[in-house]
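S.K.: Sharing a structure below in structure tokens format, with a few things to ask.
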Amino acid sequence: MTTPLSVHLPFNRDILGAAFTPAKRGDKPAGERGHWLLVQGQNLLVAPDGPGFRLPTGDCPIALGDTAPFWLGTYRQAPVWVVAVAADTPVPDGLVRETMIPMRGARMADELLSLGGMAMQALWWESTSGHCPRCGTPTTRIENEWGKRCPSCRYEHYPHLHPATIVLVRDGDRVLLTRKAEWAPNRYALVAGFVDNGESLEGCVAREIKEEVGVDVKDIRYVGSQNWPFPSQMMIGFVATYAGGDVVVDKEELEDARWFPCGALPSLPSRHSISRYIIDHYGRP
Ligand SMILES: [Zn+2]
């Protein structure tokens with residue numbers, strides 16, 4: 001067995017392997033037929049298929065009106081199209097509305113979540129890139145790119161991803177976990193935070209831990225990443241070793257933070273998140 005390119009987590013495009021080719025370059029296929037990613041908020045409209053779900057295929061199952069579907073790429077030898085479905089549009093017969101949000105109990109297979117995540121990111125980009133961020137002029141698409149160009153001041157911009165670090169602090173056979181008040185009861189996870197201007201990833205890790213839980217760390221080690229399309233984070237995962245200091249919880253950010261023995265962990269996030277991946281791989285006995 002070969003080593004995978006990246007950690008196997010939904011929303012990482014690599015897990016689709018050869019099944020998906022992105023549409024960044026190349027000719028748009030003629031005719032709007034193929035697989036349909038019908039995005040309604042943070043849900044996908046999909047067809048039940050045995051114990052799981054599949055994308056609707058063929059002609060678009062909903063009336064498109066003036067909406068032009070968006071070509072995302074090629075999935076399993078057929079074009080895959082993205083459509084933003086209005087919140088008040090009824091779900092067509094034969095389809096069901098399934099959440100893509102892991103914390104809300106996402107049930108779709110990782111491949112569908114990854115395609116749906118890309119669809120949401122593409123729609124988010126389209127909805128936020130229509131005007132030049134410098135001068136406000138409506139932008140135009142750069143040919144064969146996701147990027148947009150301003151016809152007035154020539155500013156060009158490309159899809160924005162926001163880097164955030166997420167880190168497990170380990171001290172021998174115990175790990176430091178945190179929880180936010182809005183999470184499910186007794187659910188704990190990792191310290192996470194956005195990278196600041198001028199900051200290295202390691203600097204971000206050390207700062208976030210110091211700010212949120214008050215301790216110092218050493219031996220900061222990268223362990224994997226996850227693209228997180230709610231709406232556009234890049235979660236960059238680390239493990240660090242405790243180097244000193246008492247736990248002091250930043251009550252503005254967190255409800256609690258405490259050490260847990262590796263053999264007696266509390267309720268954890270679902271398997272879909274890099275938080276859980278890191279705990280499972282680096283926080284167990
Ligand atoms: Zn401009």
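Just so we're on the same page: first chain in the structure tokens is A, next is B, and so on; residues restart at 1 for each chain, and ligands are numbered from 1 in the order they show up.
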Hey, which residues sit close to ligand 1? Say within 7 Å, counting only C-alpha atoms and all ligand atoms, and write them as a list in words.
M.R.: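 Those within range of ligand 1 are Cys132, Pro133, Arg134, Cys135, Gly136, Thr137, Cys150, Pro151, Ser152, Cys153, Arg154 and Tyr155 of chain A.
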S.K.: May I have the selected residues written with N, CA and C atoms, as an mmCIF file, in the first residue's frame?
M.R.:
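part03.cif, written as the output of this step:
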data_model
loop_
_atom_site.group_PDB
_atom_site.id
_atom_site.type_symbol
_atom_site.label_atom_id
_atom_site.label_comp_id
_atom_site.auth_asym_id
_atom_site.auth_seq_id
_atom_site.Cartn_x
_atom_site.Cartn_y
_atom_site.Cartn_z
ATOM 1 N N CYS A 132 -14.463 44.705 -7.429
ATOM 2 C CA CYS A 132 -13.055 44.924 -7.093
ATOM 3 C C CYS A 132 -12.942 45.392 -5.639
ATOM 4 N N PRO A 133 -12.097 44.686 -4.819
ATOM 5 C CA PRO A 133 -11.974 45.111 -3.419
ATOM 6 C C PRO A 133 -11.256 46.450 -3.265
ATOM 7 N N ARG A 134 -10.585 46.925 -4.346
ATOM 8 C CA ARG A 134 -9.892 48.214 -4.238
ATOM 9 C C ARG A 134 -10.774 49.375 -4.643
ATOM 10 N N CYS A 135 -11.494 49.210 -5.781
ATOM 11 C CA CYS A 135 -12.211 50.387 -6.299
ATOM 12 C C CYS A 135 -13.704 50.140 -6.513
ATOM 13 N N GLY A 136 -14.173 48.918 -6.287
ATOM 14 C CA GLY A 136 -15.610 48.673 -6.331
ATOM 15 C C GLY A 136 -16.194 48.407 -7.698
ATOM 16 N N THR A 137 -15.387 48.444 -8.744
ATOM 17 C CA THR A 137 -15.889 48.174 -10.102
ATOM 18 C C THR A 137 -16.237 46.684 -10.237
ATOM 19 N N CYS A 150 -10.142 43.355 -12.268
ATOM 20 C CA CYS A 150 -10.887 44.604 -12.310
ATOM 21 C C CYS A 150 -10.593 45.312 -13.640
ATOM 22 N N PRO A 151 -11.625 45.596 -14.453
ATOM 23 C CA PRO A 151 -11.369 46.246 -15.745
ATOM 24 C C PRO A 151 -10.944 47.704 -15.572
ATOM 25 N N SER A 152 -11.153 48.265 -14.398
ATOM 26 C CA SER A 152 -10.823 49.665 -14.169
ATOM 27 C C SER A 152 -9.382 49.825 -13.669
ATOM 28 N N CYS A 153 -9.050 49.219 -12.528
ATOM 29 C CA CYS A 153 -7.704 49.429 -11.952
ATOM 30 C C CYS A 153 -6.779 48.238 -12.189
ATOM 31 N N ARG A 154 -7.264 47.180 -12.844
ATOM 32 C CA ARG A 154 -6.486 45.986 -13.225
ATOM 33 C C ARG A 154 -6.106 45.104 -12.042
ATOM 34 N N TYR A 155 -6.621 45.388 -10.852
ATOM 35 C CA TYR A 155 -6.351 44.518 -9.695
ATOM 36 C C TYR A 155 -6.855 43.116 -10.000
#
S.K.: Would you pick out the contacts of Asp219 (chain A) at 12 Å or less, using only C-alpha atoms, so that residues sharing its chain but fewer than 3 positions from it are not included, and give the list as a list in words?
M.R.: Val167, Leu168, Val169, Arg170, Asp171, Glu202, Val205, Ala206, Asp216, Tyr222, Phe238, Val239, Ala240, Thr241, Tyr242 and Ala243 of chain A
S.K.: Could the residues in this selection be saved with N, CA and C atoms as a PDB file, in the first residue's frame?
M.R.:
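again.pdb, written as the output of this step:
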ATOM      1  N   VAL A 167      -3.862  22.577  17.230  1.00  0.00           N
ATOM      2  CA  VAL A 167      -2.723  21.913  17.870  1.00  0.00           C
ATOM      3  C   VAL A 167      -3.148  21.081  19.076  1.00  0.00           C
ATOM      4  N   LEU A 168      -2.505  19.914  19.170  1.00  0.00           N
ATOM      5  CA  LEU A 168      -2.641  19.050  20.351  1.00  0.00           C
ATOM      6  C   LEU A 168      -1.412  19.262  21.219  1.00  0.00           C
ATOM      7  N   VAL A 169      -1.632  19.604  22.498  1.00  0.00           N
ATOM      8  CA  VAL A 169      -0.517  19.733  23.450  1.00  0.00           C
ATOM      9  C   VAL A 169      -0.445  18.441  24.257  1.00  0.00           C
ATOM     10  N   ARG A 170       0.732  17.815  24.229  1.00  0.00           N
ATOM     11  CA  ARG A 170       0.896  16.534  24.931  1.00  0.00           C
ATOM     12  C   ARG A 170       1.985  16.666  25.987  1.00  0.00           C
ATOM     13  N   ASP A 171       1.756  16.021  27.101  1.00  0.00           N
ATOM     14  CA  ASP A 171       2.744  15.986  28.189  1.00  0.00           C
ATOM     15  C   ASP A 171       2.765  14.566  28.715  1.00  0.00           C
ATOM     16  N   GLU A 202       4.445  28.194  13.266  1.00  0.00           N
ATOM     17  CA  GLU A 202       4.880  27.796  14.609  1.00  0.00           C
ATOM     18  C   GLU A 202       4.639  28.922  15.617  1.00  0.00           C
ATOM     19  N   VAL A 205       1.021  28.862  16.537  1.00  0.00           N
ATOM     20  CA  VAL A 205       0.729  27.772  17.480  1.00  0.00           C
ATOM     21  C   VAL A 205       1.094  28.201  18.901  1.00  0.00           C
ATOM     22  N   ALA A 206       2.308  28.690  19.075  1.00  0.00           N
ATOM     23  CA  ALA A 206       2.778  29.053  20.421  1.00  0.00           C
ATOM     24  C   ALA A 206       1.935  30.185  20.998  1.00  0.00           C
ATOM     25  N   ASP A 216       3.277  27.103  27.955  1.00  0.00           N
ATOM     26  CA  ASP A 216       4.323  27.175  26.939  1.00  0.00           C
ATOM     27  C   ASP A 216       4.508  25.792  26.314  1.00  0.00           C
ATOM     28  N   TYR A 222       4.486  19.564  12.568  1.00  0.00           N
ATOM     29  CA  TYR A 222       3.358  19.517  11.613  1.00  0.00           C
ATOM     30  C   TYR A 222       2.913  18.075  11.393  1.00  0.00           C
ATOM     31  N   PHE A 238      -0.936  20.513  14.092  1.00  0.00           N
ATOM     32  CA  PHE A 238       0.347  20.346  14.778  1.00  0.00           C
ATOM     33  C   PHE A 238       0.167  19.546  16.059  1.00  0.00           C
ATOM     34  N   VAL A 239       1.293  18.953  16.496  1.00  0.00           N
ATOM     35  CA  VAL A 239       1.398  18.398  17.836  1.00  0.00           C
ATOM     36  C   VAL A 239       2.548  19.133  18.508  1.00  0.00           C
ATOM     37  N   ALA A 240       2.365  19.517  19.770  1.00  0.00           N
ATOM     38  CA  ALA A 240       3.423  20.212  20.507  1.00  0.00           C
ATOM     39  C   ALA A 240       3.589  19.556  21.864  1.00  0.00           C
ATOM     40  N   THR A 241       4.771  19.707  22.426  1.00  0.00           N
ATOM     41  CA  THR A 241       5.068  19.138  23.744  1.00  0.00           C
ATOM     42  C   THR A 241       4.987  20.240  24.794  1.00  0.00           C
ATOM     43  N   TYR A 242       4.331  19.937  25.886  1.00  0.00           N
ATOM     44  CA  TYR A 242       4.200  20.875  27.013  1.00  0.00           C
ATOM     45  C   TYR A 242       5.587  21.245  27.534  1.00  0.00           C
ATOM     46  N   ALA A 243       5.796  22.544  27.776  1.00  0.00           N
ATOM     47  CA  ALA A 243       7.113  22.993  28.246  1.00  0.00           C
ATOM     48  C   ALA A 243       7.037  23.772  29.551  1.00  0.00           C
TER      49      ALA A 243
END
S.K.: What's the 6 Å shell around Gly237 (chain A), counting only C-alpha atoms, without same-chain residues fewer than 3 positions away, as an MDAnalysis selection string?
M.R.: chainID A and resid 165:167 222:225
S.K.: Check which residues of region 56-138 of chain A sit at most 10 Å from region 247-271 of chain A using only C-alpha atoms, and return one row each with the closest pair of atoms and their distance in Å to one decimal, ordered by chain and rising number, as a tab-separated table.
M.R.:
residue	atom	partner	partner_atom	distance
A:Pro102	CA	A:Ser270	CA	6.6
A:Met103	CA	A:Ser270	CA	7.0
A:Arg104	CA	A:Ser270	CA	9.7
A:Gly105	CA	A:Ser270	CA	8.2
A:Ala106	CA	A:Ser270	CA	9.3
S.K.: The selected residues should be written to file as a compact mmCIF listing (two decimals), in the first residue's frame (atoms: all heavy atoms).
M.R.:
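Produced file out16.txt, reproduced below:
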# COMPACT_ATOMS: atom_id res chain seq x y z
N PRO A 102 -20.10 18.62 9.66
CA PRO A 102 -19.84 17.48 10.53
C PRO A 102 -20.49 17.61 11.91
O PRO A 102 -21.07 16.65 12.41
CB PRO A 102 -18.31 17.47 10.65
CG PRO A 102 -17.87 18.04 9.34
CD PRO A 102 -18.87 19.12 9.03
N MET A 103 -20.43 18.80 12.51
CA MET A 103 -20.99 18.99 13.86
C MET A 103 -22.51 18.81 13.88
O MET A 103 -23.10 18.67 14.94
CB MET A 103 -20.65 20.37 14.41
CG MET A 103 -19.16 20.59 14.67
SD MET A 103 -18.30 21.00 13.13
CE MET A 103 -18.57 22.76 13.03
N ARG A 104 -23.14 18.90 12.71
CA ARG A 104 -24.60 18.70 12.68
C ARG A 104 -24.95 17.29 12.22
O ARG A 104 -26.05 17.02 11.78
CB ARG A 104 -25.24 19.72 11.73
CG ARG A 104 -24.96 21.15 12.16
CD ARG A 104 -26.18 22.04 12.10
NE ARG A 104 -25.86 23.36 12.62
CZ ARG A 104 -25.83 24.47 11.89
NH1 ARG A 104 -26.16 24.43 10.62
NH2 ARG A 104 -25.52 25.61 12.45
N GLY A 105 -23.97 16.40 12.26
CA GLY A 105 -24.26 15.00 11.97
C GLY A 105 -24.24 14.64 10.49
O GLY A 105 -25.10 13.88 10.04
N ALA A 106 -23.29 15.18 9.73
CA ALA A 106 -23.19 14.85 8.30
C ALA A 106 -23.14 13.34 8.11
O ALA A 106 -22.40 12.64 8.80
CB ALA A 106 -21.94 15.49 7.71
S.K.: As a ChimeraX atom specification, which residues of region 55-186 of chain A does DSSP assign to strand (DSSP E or B)?
M.R.: /A:57-58,70-75,78-84,96-99,131,138,140-141,148-149,156-157,162-171,174-179
S.K.: Excluding Ala23 (chain A) and its own-chain neighbours fewer than 3 positions away, which residues fall within 12 Å of it when counting only C-alpha atoms? Please give them as a list in words.
M.R.: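 Counting only the stated atoms, we get Phe20, Gly26, Asp27, Lys28, Pro29, Phe70, Trp71, Leu72, Gly73, Thr74, Tyr75, Ala78, Pro79, Val80, Trp81, Val82, Met118, Ala119, Ala122, Glu143, Asn144, Glu145 and Trp146 of chain A.
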S.K.: Quick check for you: according to DSSP on this backbone, which residues of region 59-171 of chain A are classed as alpha helix (DSSP H)? Reply as a ChimeraX atom specification.
M.R.: /A:110-128
